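Structure file my_file.txt (compact mmCIF, C-alpha atoms) follows.
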```txt
# COMPACT_ATOMS: atom_id res chain seq x y z
CA MET A 1 0.00 0.00 0.00
CA ARG A 2 1.41 3.35 -0.96
CA VAL A 3 1.41 5.68 1.98
CA ALA A 4 2.03 9.00 0.22
CA PRO A 5 -1.16 9.12 -1.88
CA VAL A 6 -3.24 8.03 1.07
CA LEU A 7 -1.64 10.65 3.27
CA ALA A 8 -2.16 13.31 0.59
CA LEU A 9 -5.79 12.28 0.27
CA VAL A 10 -6.32 12.47 3.99
CA LEU A 11 -4.59 15.83 4.25
CA ALA A 12 -6.38 17.40 1.31
CA ALA A 13 -9.75 16.09 2.38
CA SER A 14 -9.23 17.23 5.93
CA PRO A 15 -10.09 20.71 7.17
CA LEU A 16 -6.35 21.24 7.79
CA GLY A 17 -5.46 20.44 4.15
CA ALA A 18 -8.17 22.71 2.79
CA GLN A 19 -7.11 25.43 5.20
CA THR A 20 -3.48 25.18 4.07
CA LEU A 21 -4.54 25.44 0.42
CA ASP A 22 -6.81 28.37 1.15
CA MET A 23 -3.97 30.11 2.97
CA ARG A 24 -1.75 29.78 -0.12
CA LEU A 25 -4.50 31.09 -2.38
CA ALA A 26 -5.75 33.85 -0.08
CA GLY A 27 -5.08 37.25 -1.58
CA ARG A 28 -3.42 35.66 -4.61
CA VAL A 29 -6.50 34.65 -6.62
CA PRO A 30 -9.99 36.17 -6.74
CA ALA A 31 -11.84 35.08 -3.60
CA ALA A 32 -14.82 33.87 -5.60
CA ALA A 33 -12.62 31.38 -7.46
CA VAL A 34 -11.12 29.80 -4.34
CA PRO A 35 -13.95 27.31 -3.58
CA ARG A 36 -13.96 26.06 -7.18
CA ILE A 37 -10.20 25.69 -7.18
CA ASP A 38 -10.54 23.77 -3.91
CA SER A 39 -12.98 21.48 -5.66
CA LEU A 40 -10.61 20.82 -8.59
CA VAL A 41 -7.76 20.11 -6.20
CA ALA A 42 -9.97 17.70 -4.27
CA GLN A 43 -10.73 15.87 -7.52
CA ALA A 44 -7.01 15.52 -8.19
CA VAL A 45 -6.50 14.14 -4.69
CA ALA A 46 -9.33 11.66 -5.17
CA GLU A 47 -7.67 10.44 -8.39
CA SER A 48 -4.20 10.30 -6.77
CA LEU A 49 -2.93 12.97 -9.15
CA PRO A 50 -0.37 15.58 -8.15
CA THR A 51 -2.00 18.75 -6.86
CA GLU A 52 0.91 21.17 -6.92
CA PRO A 53 0.61 21.87 -10.69
CA LEU A 54 -3.01 22.92 -10.13
CA VAL A 55 -2.09 25.22 -7.25
CA GLN A 56 0.72 26.68 -9.33
CA LYS A 57 -1.63 27.29 -12.25
CA ALA A 58 -4.08 29.09 -9.96
CA LEU A 59 -1.30 31.22 -8.43
CA GLU A 60 0.05 31.96 -11.91
CA GLY A 61 -3.35 33.09 -13.12
CA GLY A 62 -3.80 35.26 -10.06
CA ALA A 63 -0.36 36.86 -10.49
CA LYS A 64 -1.10 37.59 -14.16
CA GLY A 65 -4.39 39.23 -13.27
CA VAL A 66 -6.50 36.53 -14.94
CA GLN A 67 -10.07 36.74 -13.75
CA GLY A 68 -12.89 34.34 -13.03
CA GLU A 69 -13.75 31.71 -15.59
CA LEU A 70 -10.53 32.05 -17.59
CA LEU A 71 -8.49 31.30 -14.48
CA LEU A 72 -10.64 28.27 -13.66
CA SER A 73 -10.40 26.99 -17.24
CA GLY A 74 -6.61 27.14 -16.95
CA VAL A 75 -6.73 25.03 -13.79
CA ARG A 76 -9.20 22.60 -15.40
CA ARG A 77 -6.95 22.28 -18.43
CA ALA A 78 -4.01 21.49 -16.17
CA LEU A 79 -6.06 18.81 -14.40
CA ALA A 80 -7.05 17.25 -17.74
CA GLN A 81 -3.41 17.21 -18.81
CA LEU A 82 -2.41 15.45 -15.61
CA ARG A 83 -5.09 12.82 -16.24
CA ASP A 84 -3.73 12.26 -19.76
CA ALA A 85 -0.22 11.96 -18.42
CA ARG A 86 -1.29 9.43 -15.80
CA ALA A 87 -3.10 7.40 -18.45
CA ILE A 88 -0.06 7.37 -20.73
CA LEU A 89 2.22 6.29 -17.90
CA THR A 90 -0.21 3.58 -16.83
CA ARG A 91 -0.10 2.13 -20.33
CA THR A 92 3.61 2.48 -21.03
CA ALA A 93 5.47 2.57 -17.72
CA PRO A 94 3.10 1.45 -14.94
CA ALA A 95 5.81 1.57 -12.30
CA ARG A 96 6.07 5.32 -12.80
CA ALA A 97 2.34 6.06 -12.88
CA GLY A 98 2.27 6.69 -9.13
CA ALA A 99 5.14 9.15 -9.05
CA ASP A 100 3.94 12.75 -8.94
CA GLY A 101 7.15 14.04 -10.52
CA ASP A 102 6.88 11.68 -13.47
CA VAL A 103 3.21 12.49 -14.02
CA ALA A 104 4.00 16.20 -13.92
CA ALA A 105 6.90 15.73 -16.36
CA VAL A 106 4.73 13.89 -18.90
CA SER A 107 2.05 16.54 -18.44
CA ALA A 108 4.59 19.27 -19.18
CA ALA A 109 5.71 17.43 -22.33
CA LEU A 110 2.12 17.29 -23.52
CA GLY A 111 1.91 21.01 -22.73
CA ARG A 112 4.90 21.58 -25.00
CA GLY A 113 2.93 20.01 -27.82
CA LEU A 114 4.50 16.56 -28.02
CA PRO A 115 2.07 14.18 -29.75
CA ARG A 116 0.79 11.46 -27.43
CA PRO A 117 1.87 8.55 -29.67
CA LEU A 118 5.41 9.90 -29.65
CA VAL A 119 5.37 10.25 -25.86
CA GLU A 120 4.09 6.71 -25.49
CA ARG A 121 6.71 5.35 -27.86
CA LEU A 122 9.59 6.99 -26.00
CA LEU A 123 8.32 5.95 -22.57
CA ALA A 124 7.82 2.38 -23.74
CA SER A 125 11.26 2.27 -25.36
CA LEU A 126 13.08 3.72 -22.35
CA PRO A 127 11.27 2.35 -19.28
CA ALA A 128 14.28 2.87 -17.02
CA GLU A 129 14.63 6.53 -17.91
CA PRO A 130 12.90 9.27 -15.94
CA PRO A 131 10.45 10.79 -18.43
CA GLY A 132 11.37 14.46 -18.01
CA PRO A 133 14.73 14.75 -19.77
CA VAL A 134 14.02 12.41 -22.68
CA LEU A 135 10.66 14.02 -23.45
CA HIS A 136 12.12 17.52 -23.24
CA ALA A 137 14.99 16.44 -25.49
CA GLU A 138 12.46 15.15 -28.02
CA ALA A 139 10.47 18.38 -27.77
CA ASP A 140 13.71 20.36 -28.27
CA LEU A 141 14.49 18.37 -31.42
CA LEU A 142 10.98 18.87 -32.77
CA GLY A 143 11.30 22.56 -32.01
CA HIS A 144 14.32 22.69 -34.33
CA GLY A 145 12.41 21.00 -37.11
CA PHE A 146 13.76 17.48 -36.87
CA PRO A 147 11.44 14.65 -37.98
CA PRO A 148 9.72 13.26 -34.85
CA ASP A 149 10.44 9.58 -35.39
CA ALA A 150 14.04 10.10 -36.49
CA ALA A 151 14.61 12.30 -33.44
CA ALA A 152 13.12 9.65 -31.16
CA ASP A 153 15.34 7.01 -32.78
CA LEU A 154 18.40 9.10 -32.02
CA LEU A 155 17.43 9.47 -28.37
CA VAL A 156 16.81 5.76 -27.98
CA ALA A 157 20.19 5.05 -29.60
CA ALA A 158 21.87 7.52 -27.27
CA GLU A 159 20.35 5.82 -24.25
CA ARG A 160 21.54 2.45 -25.55
CA ARG A 161 25.05 3.92 -25.75
CA GLY A 162 24.95 4.93 -22.10
CA LEU A 163 23.68 8.52 -22.14
CA ARG A 164 21.15 8.92 -19.36
CA GLY A 165 19.04 11.62 -17.77
CA SER A 166 19.95 15.18 -18.62
CA ARG A 167 22.76 13.96 -20.90
CA LEU A 168 19.99 13.22 -23.39
CA LEU A 169 19.39 16.97 -23.52
CA ASP A 170 23.00 17.30 -24.72
CA VAL A 171 22.11 15.07 -27.66
CA ALA A 172 19.42 17.53 -28.72
CA VAL A 173 21.84 20.44 -28.28
CA ALA A 174 24.48 18.68 -30.39
CA ALA A 175 21.95 18.06 -33.17
CA SER A 176 20.89 21.72 -33.18
CA HIS A 177 24.55 22.76 -33.37
CA GLU A 178 24.99 20.57 -36.45
CA LEU A 179 22.00 22.33 -38.01
CA GLN A 180 23.61 25.68 -37.27
CA ARG A 181 26.73 24.45 -39.10
CA GLY A 182 24.61 24.13 -42.24
CA ARG A 183 23.77 20.43 -42.26
CA THR A 184 20.35 19.16 -43.20
CA PRO A 185 18.27 17.68 -40.37
CA ALA A 186 18.95 14.14 -41.61
CA ASP A 187 22.70 14.80 -41.86
CA ALA A 188 22.72 16.46 -38.45
CA LEU A 189 21.05 13.46 -36.82
CA ALA A 190 23.43 11.07 -38.60
CA ARG A 191 26.41 13.13 -37.51
CA VAL A 192 25.33 13.09 -33.86
CA ARG A 193 24.54 9.39 -33.98
CA ALA A 194 28.07 8.78 -35.24
CA MET A 195 29.62 10.64 -32.32
CA LEU A 196 27.62 8.79 -29.64
CA PRO A 197 28.20 8.59 -26.75
CA ASP A 198 30.72 11.44 -26.93
CA VAL A 199 28.41 14.39 -27.39
CA PRO A 200 29.69 17.54 -25.71
CA ALA A 201 28.37 18.15 -22.20
CA ALA A 202 26.65 21.41 -21.40
CA PRO A 203 28.92 23.87 -19.59
CA ARG A 204 28.22 24.29 -15.89
CA PRO A 205 27.25 27.83 -15.01
CA HIS A 206 29.55 29.64 -12.58
CA PRO A 207 27.96 33.02 -11.98
CA ARG A 208 29.60 35.40 -9.56
CA SER A 209 26.60 35.76 -7.33
CA VAL A 210 23.80 33.28 -6.85
CA THR A 211 20.65 33.68 -4.83
CA ARG A 212 19.00 30.77 -3.09
CA ARG A 213 15.21 30.91 -3.41
CA PRO A 214 12.64 29.28 -1.19
CA GLY A 215 10.73 26.53 -2.92
CA PRO A 216 7.07 26.68 -3.91
CA GLY A 217 4.71 26.72 -1.00
CA SER A 218 7.35 27.74 1.51
CA MET B 1 80.69 45.70 74.71
CA THR B 2 83.35 48.11 76.02
CA PRO B 3 82.67 48.95 79.68
CA ILE B 4 82.39 52.68 80.26
CA ASP B 5 84.48 54.34 82.92
CA PRO B 6 82.32 54.78 86.08
CA ARG B 7 83.48 58.39 86.51
CA LEU B 8 82.38 59.20 82.97
CA GLN B 9 79.07 57.44 83.61
CA GLN B 10 78.54 59.56 86.75
CA ALA B 11 79.27 62.75 84.81
CA LEU B 12 76.85 61.77 82.03
CA ASP B 13 74.21 60.95 84.62
CA GLY B 14 74.71 64.39 86.25
CA GLU B 15 75.99 62.91 89.45
CA ARG B 16 79.45 64.37 89.07
CA ASP B 17 80.83 67.65 87.92
CA PRO B 18 82.45 67.06 84.51
CA ALA B 19 85.16 69.51 85.46
CA THR B 20 86.42 67.02 88.04
CA LEU B 21 87.08 64.43 85.41
CA PRO B 22 90.65 63.64 84.53
CA PRO B 23 91.77 65.25 81.26
CA GLU B 24 91.71 61.91 79.33
CA LEU B 25 88.04 61.51 80.17
CA ARG B 26 86.98 65.07 79.56
CA GLU B 27 87.37 64.72 75.76
CA ALA B 28 85.31 61.52 75.74
CA TYR B 29 82.71 63.20 77.93
CA ALA B 30 82.52 66.12 75.47
CA ARG B 31 81.93 63.77 72.48
CA LEU B 32 79.26 61.83 74.30
CA ALA B 33 77.57 64.97 75.53
CA ARG B 34 77.38 66.33 71.96
CA ALA B 35 75.89 63.07 70.72
CA ALA B 36 73.34 63.08 73.52
CA ALA B 37 72.38 66.64 72.64
CA LEU B 38 71.87 65.63 68.98
CA LEU B 39 69.60 62.76 69.96
CA ARG B 40 67.69 64.94 72.36
CA ASP B 41 67.13 67.68 69.78
CA ALA B 42 66.16 65.35 66.86
CA PRO B 43 62.38 65.04 66.28
CA ALA B 44 60.86 61.77 67.25
CA PRO B 45 59.96 59.59 64.17
CA PRO B 46 56.20 59.48 63.76
CA SER B 47 54.42 56.15 63.95
CA VAL B 48 52.80 54.51 60.87
CA ALA B 49 49.38 55.17 62.30
CA GLY B 50 50.28 58.77 62.78
CA ARG B 51 51.48 59.11 59.22
CA VAL B 52 48.24 57.60 57.89
CA MET B 53 46.13 59.90 60.02
CA ASP B 54 48.18 62.89 58.88
CA GLU B 55 47.57 61.90 55.25
CA ILE B 56 43.83 61.53 55.85
CA ARG B 57 43.69 64.91 57.50
CA ARG B 58 45.48 66.49 54.54
CA SER B 59 43.07 64.89 51.92
CA PRO B 60 39.87 66.73 51.01
CA ALA B 61 36.68 65.34 52.43
CA PRO B 62 35.04 62.72 50.12
CA ALA B 63 32.19 64.04 48.00
CA PRO B 64 28.73 62.63 48.58
CA ALA B 65 27.61 59.81 46.18
CA PRO B 66 26.59 61.37 42.86
CA ALA B 67 23.10 61.08 41.48
CA PRO B 68 22.63 58.33 38.81
CA GLY B 69 22.48 60.88 36.01
CA VAL B 70 25.69 62.49 37.14
CA ALA B 71 27.40 59.12 37.37
CA LEU B 72 26.32 58.27 33.83
CA ARG B 73 27.56 61.61 32.61
CA ARG B 74 30.91 61.00 34.27
CA VAL B 75 31.14 57.59 32.63
CA ALA B 76 30.23 59.17 29.29
CA ASP B 77 32.83 61.88 29.80
CA TRP B 78 35.42 59.28 30.69
CA LEU B 79 34.58 57.31 27.57
CA ALA B 80 34.62 60.42 25.37
CA GLN B 81 37.95 61.70 26.58
CA PRO B 82 40.91 60.81 24.38
CA ARG B 83 43.33 58.59 26.27
CA ALA B 84 46.68 57.25 25.37
CA VAL B 85 46.58 53.49 25.25
CA THR B 86 49.67 51.41 24.95
CA LEU B 87 49.30 47.91 23.55
CA ARG B 88 52.06 45.39 23.58
CA LEU B 89 51.23 42.58 21.19
CA ARG B 90 53.08 39.74 19.62
CA PRO B 91 52.39 40.09 15.85
CA PHE B 92 51.66 36.37 15.62
CA TRP B 93 48.33 36.56 17.44
CA PRO B 94 46.66 39.40 15.48
CA LEU B 95 47.74 37.74 12.24
CA ALA B 96 46.37 34.37 13.36
CA VAL B 97 43.02 35.93 14.32
CA ALA B 98 42.81 37.78 10.98
CA ALA B 99 43.61 34.60 9.05
CA THR B 100 40.96 32.68 10.96
CA LEU B 101 38.30 35.33 10.28
CA ALA B 102 39.20 35.42 6.59
CA ALA B 103 38.94 31.64 6.38
CA VAL B 104 35.52 31.67 8.04
CA VAL B 105 34.24 34.34 5.64
CA LEU B 106 35.58 32.52 2.58
CA VAL B 107 34.19 29.16 3.61
CA ARG B 108 30.76 30.65 4.34
CA GLY B 109 30.79 32.45 0.99
CA GLU B 110 31.48 29.19 -0.83
CA GLU B 111 28.65 27.51 1.05
CA GLN B 112 26.22 30.14 -0.18
CA VAL B 113 26.86 29.35 -3.84
CA ALA B 114 27.43 25.61 -3.63
CA PRO B 115 24.35 23.83 -4.98
CA GLY B 116 23.05 20.73 -3.27
CA ALA B 117 22.92 17.32 -4.93
CA LYS B 118 19.43 17.96 -6.33
CA GLU B 119 19.94 21.60 -7.18
CA GLY B 120 21.37 23.55 -10.05
CA ILE B 121 22.11 27.12 -11.00
CA ALA B 122 19.74 28.97 -13.31
CA GLN B 123 20.89 32.12 -15.06
CA PHE B 124 18.52 34.69 -16.49
CA VAL B 125 19.42 37.35 -19.03
CA GLY B 126 17.07 39.78 -20.71
CA HIS B 127 17.53 42.83 -22.93
CA PHE B 128 15.18 45.52 -21.73
CA PRO B 129 16.64 48.95 -22.51
CA GLY B 130 15.02 51.73 -20.54
CA ALA B 131 13.37 49.39 -18.04
CA ARG B 132 13.26 50.54 -14.43
CA SER B 133 13.02 47.00 -13.07
CA VAL B 134 12.98 43.45 -14.35
CA GLU B 135 12.09 40.45 -12.22
CA VAL B 136 11.60 36.76 -12.76
CA VAL B 137 8.35 35.21 -11.63
CA GLY B 138 7.63 31.53 -11.97
CA SER B 139 6.69 28.19 -10.54
CA PHE B 140 9.85 28.18 -8.40
CA ASN B 141 8.66 31.15 -6.37
CA ASP B 142 4.89 30.58 -6.40
CA TRP B 143 4.56 33.21 -9.15
CA ARG B 144 5.20 35.87 -6.54
CA LEU B 145 6.19 39.35 -7.64
CA GLY B 146 9.08 41.07 -5.89
CA ASP B 147 10.95 37.88 -5.09
CA LEU B 148 13.72 37.63 -7.70
CA ALA B 149 14.93 40.88 -9.26
CA LEU B 150 17.44 41.02 -12.12
CA ARG B 151 20.15 43.68 -12.12
CA ASP B 152 21.60 45.99 -14.72
CA ASP B 153 24.58 47.36 -12.86
CA ASP B 154 26.24 48.95 -15.90
CA HIS B 155 22.99 50.38 -17.30
CA ASP B 156 23.45 48.82 -20.73
CA GLY B 157 19.90 47.50 -20.82
CA ILE B 158 20.98 43.90 -20.23
CA TRP B 159 19.47 42.56 -17.03
CA ARG B 160 20.99 39.52 -15.34
CA GLY B 161 20.52 37.28 -12.37
CA ALA B 162 21.36 33.80 -11.11
CA VAL B 163 19.49 31.65 -8.68
CA MET B 164 19.82 28.22 -7.12
CA LEU B 165 16.80 26.08 -7.97
CA PRO B 166 15.72 22.48 -7.50
CA ALA B 167 16.73 20.33 -10.46
CA GLY B 168 13.87 19.78 -12.88
CA GLN B 169 11.52 21.88 -14.98
CA HIS B 170 10.27 25.33 -14.09
CA GLU B 171 7.99 27.75 -15.93
CA TYR B 172 8.59 31.48 -15.70
CA MET B 173 8.11 34.89 -17.26
CA PHE B 174 9.83 38.24 -16.92
CA VAL B 175 7.90 41.12 -15.40
CA VAL B 176 9.16 44.48 -16.60
CA ASP B 177 8.54 47.61 -14.52
CA GLY B 178 6.29 45.63 -12.23
CA GLU B 179 3.44 45.25 -14.70
CA ARG B 180 4.47 44.07 -18.18
CA TRP B 181 4.64 40.26 -18.53
CA VAL B 182 7.16 39.17 -21.16
CA SER B 183 8.22 35.71 -22.32
CA ASP B 184 11.98 35.21 -22.18
CA PRO B 185 12.98 35.52 -25.86
CA LEU B 186 16.18 33.55 -25.21
CA ALA B 187 14.60 30.61 -23.40
CA GLY B 188 14.23 28.38 -26.45
CA ARG B 189 11.53 26.32 -24.75
CA TYR B 190 7.98 27.53 -24.27
CA VAL B 191 4.70 26.15 -23.07
CA ASP B 192 1.19 27.51 -23.52
CA ASP B 193 0.15 29.02 -20.18
CA GLY B 194 -3.59 28.46 -20.80
CA PHE B 195 -4.25 32.17 -20.38
CA GLY B 196 -3.24 33.34 -23.84
CA ARG B 197 0.50 33.71 -23.24
CA ALA B 198 3.53 31.44 -23.42
CA ASN B 199 5.66 30.65 -20.39
CA ALA B 200 9.35 30.06 -20.86
CA LEU B 201 10.36 26.58 -19.76
CA LEU B 202 13.57 26.19 -17.81
CA ILE B 203 15.21 22.83 -17.20
CA VAL B 204 17.64 22.99 -14.30
CA ARG B 205 20.26 20.30 -14.27
CA SER B 206 21.44 18.84 -11.04
CA ALA B 207 24.90 19.95 -10.01
CA ALA B 208 25.60 16.31 -9.16
CA GLY B 209 25.21 15.27 -12.81
CA PRO B 210 22.54 13.48 -14.87
```

Written as structure tokens, that's how I'd like the structure from this file.
Amino acid sequence: MRVAPVLALVLAASPLGAQTLDMRLAGRVPAAAVPRIDSLVAQAVAESLPTEPLVQKALEGGAKGVQGELLLSGVRRALAQLRDARAILTRTAPARAGADGDVAAVSAALGRGLPRPLVERLLASLPAEPPGPVLHAEADLLGHGFPPDAAADLLVAAERRGLRGSRLLDVAVAASHELQRGRTPADALARVRAMLPDVPAAPRPHPRSVTRRPGPGS
Amino acid sequence: MTPIDPRLQQALDGERDPATLPPELREAYARLARAAALLRDAPAPPSVAGRVMDEIRRSPAPAPAPAPGVALRRVADWLAQPRAVTLRLRPFWPLAVAATLAAVVLVRGEEQVAPGAKEGIAQFVGHFPGARSVEVVGSFNDWRLGDLALRDDDHDGIWRGAVMLPAGQHEYMFVVDGERWVSDPLAGRYVDDGFGRANALLIVRSAAGP
């Protein structure tokens, strides 16, 4: 029995959970919208979906001055996207379907416009990979005009050659650099495939001054 | 001890006329008589108690206890007065203390910028000439205004900032002059915000690696 979803359900359904949510929303979103946002969050809890993306969407809408029904439609859309993400994970990588972070990552990939069949194919091909980096790498490649299936093939090949996690993002960066050097998309993908697994790593930032921010909800 | 002649003793005691002394004793009598006169005329040495009492009598009477305000003013005056202070130090110790303080400051400074295992550094750059303020608002700070301001120290219109964030994906927008929401044109990744705009999508890599 998974304890975290049960605990989240108990907390969100309890007066304390609702009070905590209301405290985060108070003064940040129109007061009239708060009960309906509460209701959407409660639905997510009942379906064992992550709730933080919904709270973030409500806070975002409030900060941007979005009013009434438009704000609620944004939260509803986020909830629908989380449901889609959960369904995709349940079909392709059931072990990850209960992880809030993985559900949120797939939801974000859908939000970037990745077609569902492509998402399912990548998740099924790379069950050991956390979904976030590989899906964002695919979305990056599509954003540069690479053919979806050929881009997915390259990412799967890179994973087979030992590139994992955020290193898959470096594969997308390397392919875009080959495009900038004047190669066609097909040539760029072939070039990067030939250099696997030795694609250049992204430089680590070393700014002079860095601020540490509190996390969401703190 | 040399015994004194009894005739000389009698003369010194006043029991005999010194003129009746034989000539060899008269000279000794004269010396002793002069010495006795010196001792008799010399002032008696005062006792320790007497000297102390004399000193007390010469000192002015102690003033009554000052009021609290006066006492504070005296303390303040004492503190405000310039005073010569002589310090005798071995150079080793001040240098050791300074080195220790410098080490503490440097180590703490490094701690402030060292990301944790599940954190990474995000850098933001935006070109907003003429802007009075530029800030970053996003899912990492609950979309709260006034939390993360960028800086344009050299007033060239390029606003910059860096922040430590949890590894993973974050959505954000720039807010210019506190009211104008702008997508980061350099982000490269965007997602429909559901409200008619596009959020920039930031993927923060863990400092610990993939």

B:Pro185, B:His170, B:Ala11, B:Gly194: which is nearest A:Ala78, counting only C-alpha atoms?
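Closest candidate: B:Gly194.
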
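When atom CA of A:Asp100 is paired with atom CA of B:Gly168, their separation reads 12.8 Å.
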
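Comparing A:Gly62, A:Pro53, A:Gly74, A:Gly165 by their smallest distance to A:Glu129, the closest is A:Gly165 (using only C-alpha atoms).
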
Write out as JSON lines a residue-level contact list of chain A versus chain B with cut-off 9 Å: for each qualifying residue the closest pair of atoms and the distance in Å to one decimal, counting only C-alpha atoms, rows sorted by chain and residue number upward.
```
{"residue": "A:Arg28", "atom": "CA", "partner": "B:Arg144", "partner_atom": "CA", "distance": 8.8}
{"residue": "A:Pro53", "atom": "CA", "partner": "B:Ser139", "partner_atom": "CA", "distance": 8.8}
{"residue": "A:Val55", "atom": "CA", "partner": "B:Asp142", "partner_atom": "CA", "distance": 8.8}
{"residue": "A:Gln56", "atom": "CA", "partner": "B:Ser139", "partner_atom": "CA", "distance": 6.3}
{"residue": "A:Lys57", "atom": "CA", "partner": "B:Asp193", "partner_atom": "CA", "distance": 8.3}
{"residue": "A:Leu59", "atom": "CA", "partner": "B:Trp143", "partner_atom": "CA", "distance": 6.2}
{"residue": "A:Glu60", "atom": "CA", "partner": "B:Trp143", "partner_atom": "CA", "distance": 5.4}
{"residue": "A:Gly61", "atom": "CA", "partner": "B:Phe195", "partner_atom": "CA", "distance": 7.4}
{"residue": "A:Gly62", "atom": "CA", "partner": "B:Trp143", "partner_atom": "CA", "distance": 8.7}
{"residue": "A:Ala63", "atom": "CA", "partner": "B:Trp143", "partner_atom": "CA", "distance": 6.3}
{"residue": "A:Lys64", "atom": "CA", "partner": "B:Trp181", "partner_atom": "CA", "distance": 7.7}
{"residue": "A:Val66", "atom": "CA", "partner": "B:Phe195", "partner_atom": "CA", "distance": 7.3}
{"residue": "A:Leu70", "atom": "CA", "partner": "B:Phe195", "partner_atom": "CA", "distance": 6.9}
{"residue": "A:Leu71", "atom": "CA", "partner": "B:Phe195", "partner_atom": "CA", "distance": 7.3}
{"residue": "A:Ser73", "atom": "CA", "partner": "B:Gly194", "partner_atom": "CA", "distance": 7.8}
{"residue": "A:Gly74", "atom": "CA", "partner": "B:Gly194", "partner_atom": "CA", "distance": 5.1}
{"residue": "A:Val75", "atom": "CA", "partner": "B:Gly194", "partner_atom": "CA", "distance": 8.4}
{"residue": "A:Arg77", "atom": "CA", "partner": "B:Gly194", "partner_atom": "CA", "distance": 7.4}
{"residue": "A:Ala78", "atom": "CA", "partner": "B:Gly194", "partner_atom": "CA", "distance": 8.4}
{"residue": "A:Ala105", "atom": "CA", "partner": "B:Gln169", "partner_atom": "CA", "distance": 7.8}
{"residue": "A:Ala108", "atom": "CA", "partner": "B:Val191", "partner_atom": "CA", "distance": 7.9}
{"residue": "A:Ala109", "atom": "CA", "partner": "B:Val191", "partner_atom": "CA", "distance": 8.8}
{"residue": "A:Gly111", "atom": "CA", "partner": "B:Val191", "partner_atom": "CA", "distance": 5.9}
{"residue": "A:Arg112", "atom": "CA", "partner": "B:Val191", "partner_atom": "CA", "distance": 5.0}
{"residue": "A:Gly113", "atom": "CA", "partner": "B:Val191", "partner_atom": "CA", "distance": 8.0}
{"residue": "A:Gly132", "atom": "CA", "partner": "B:Gly168", "partner_atom": "CA", "distance": 7.8}
{"residue": "A:Pro133", "atom": "CA", "partner": "B:Ile203", "partner_atom": "CA", "distance": 8.5}
{"residue": "A:His136", "atom": "CA", "partner": "B:Ile203", "partner_atom": "CA", "distance": 8.6}
{"residue": "A:Ala139", "atom": "CA", "partner": "B:Arg189", "partner_atom": "CA", "distance": 8.6}
{"residue": "A:Asp140", "atom": "CA", "partner": "B:Arg189", "partner_atom": "CA", "distance": 7.3}
{"residue": "A:Gly143", "atom": "CA", "partner": "B:Arg189", "partner_atom": "CA", "distance": 8.2}
{"residue": "A:Leu163", "atom": "CA", "partner": "B:Pro210", "partner_atom": "CA", "distance": 8.9}
{"residue": "A:Arg164", "atom": "CA", "partner": "B:Pro210", "partner_atom": "CA", "distance": 6.5}
{"residue": "A:Gly165", "atom": "CA", "partner": "B:Pro210", "partner_atom": "CA", "distance": 4.9}
{"residue": "A:Ser166", "atom": "CA", "partner": "B:Pro210", "partner_atom": "CA", "distance": 4.9}
{"residue": "A:Arg167", "atom": "CA", "partner": "B:Pro210", "partner_atom": "CA", "distance": 6.1}
{"residue": "A:Leu168", "atom": "CA", "partner": "B:Pro210", "partner_atom": "CA", "distance": 8.9}
{"residue": "A:Arg204", "atom": "CA", "partner": "B:Ala207", "partner_atom": "CA", "distance": 8.0}
{"residue": "A:Pro205", "atom": "CA", "partner": "B:Ile121", "partner_atom": "CA", "distance": 6.6}
{"residue": "A:His206", "atom": "CA", "partner": "B:Ile121", "partner_atom": "CA", "distance": 8.0}
{"residue": "A:Pro207", "atom": "CA", "partner": "B:Ala162", "partner_atom": "CA", "distance": 6.7}
{"residue": "A:Arg208", "atom": "CA", "partner": "B:Ala162", "partner_atom": "CA", "distance": 8.5}
{"residue": "A:Ser209", "atom": "CA", "partner": "B:Ala162", "partner_atom": "CA", "distance": 6.8}
{"residue": "A:Val210", "atom": "CA", "partner": "B:Ala162", "partner_atom": "CA", "distance": 4.9}
{"residue": "A:Thr211", "atom": "CA", "partner": "B:Val163", "partner_atom": "CA", "distance": 4.5}
{"residue": "A:Arg212", "atom": "CA", "partner": "B:Met164", "partner_atom": "CA", "distance": 4.8}
{"residue": "A:Arg213", "atom": "CA", "partner": "B:Met164", "partner_atom": "CA", "distance": 6.5}
{"residue": "A:Pro214", "atom": "CA", "partner": "B:Asn141", "partner_atom": "CA", "distance": 6.8}
{"residue": "A:Gly215", "atom": "CA", "partner": "B:Phe140", "partner_atom": "CA", "distance": 5.8}
{"residue": "A:Pro216", "atom": "CA", "partner": "B:Asp142", "partner_atom": "CA", "distance": 5.1}
{"residue": "A:Gly217", "atom": "CA", "partner": "B:Asp142", "partner_atom": "CA", "distance": 6.6}
{"residue": "A:Ser218", "atom": "CA", "partner": "B:Asn141", "partner_atom": "CA", "distance": 8.7}
```

I need the residue nearest A:Ala87 from this list: A:Leu154, A:Val119, A:Leu72, A:Met195. Use only C-alpha atoms for the distance.
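Among the listed residues, A:Val119 lies closest to A:Ala87.
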
Please identify all polymer residues within 12 Å of A:Arg193, counting all atoms listed in the file, omitting same-chain residues fewer than 2 positions from it, and present them as a VMD selection string.
chain A and resid 150 to 161 163 171 to 172 174 to 175 178 186 to 191 195 to 199

Point-to-point distance from atom CA of A:Leu82 to atom CA of A:Pro50, Å rounded to tenths:
7.7 Å

Would you mind reading off the distance between atom CA of B:Val136 and atom CA of A:Val29, one decimal, in Å?
19.2 Å

Give me the box for stretch 101-119 of chain A as lines of an AutoDock Vina configuration file, namely the centre and edge lengths in Å to one decimal of a box along x, y and z that holds every listed atom plus 3 Å on each side.
```
center_x = 4.0
center_y = 15.1
center_z = -20.1
size_x = 12.4
size_y = 19.0
size_z = 25.2
```
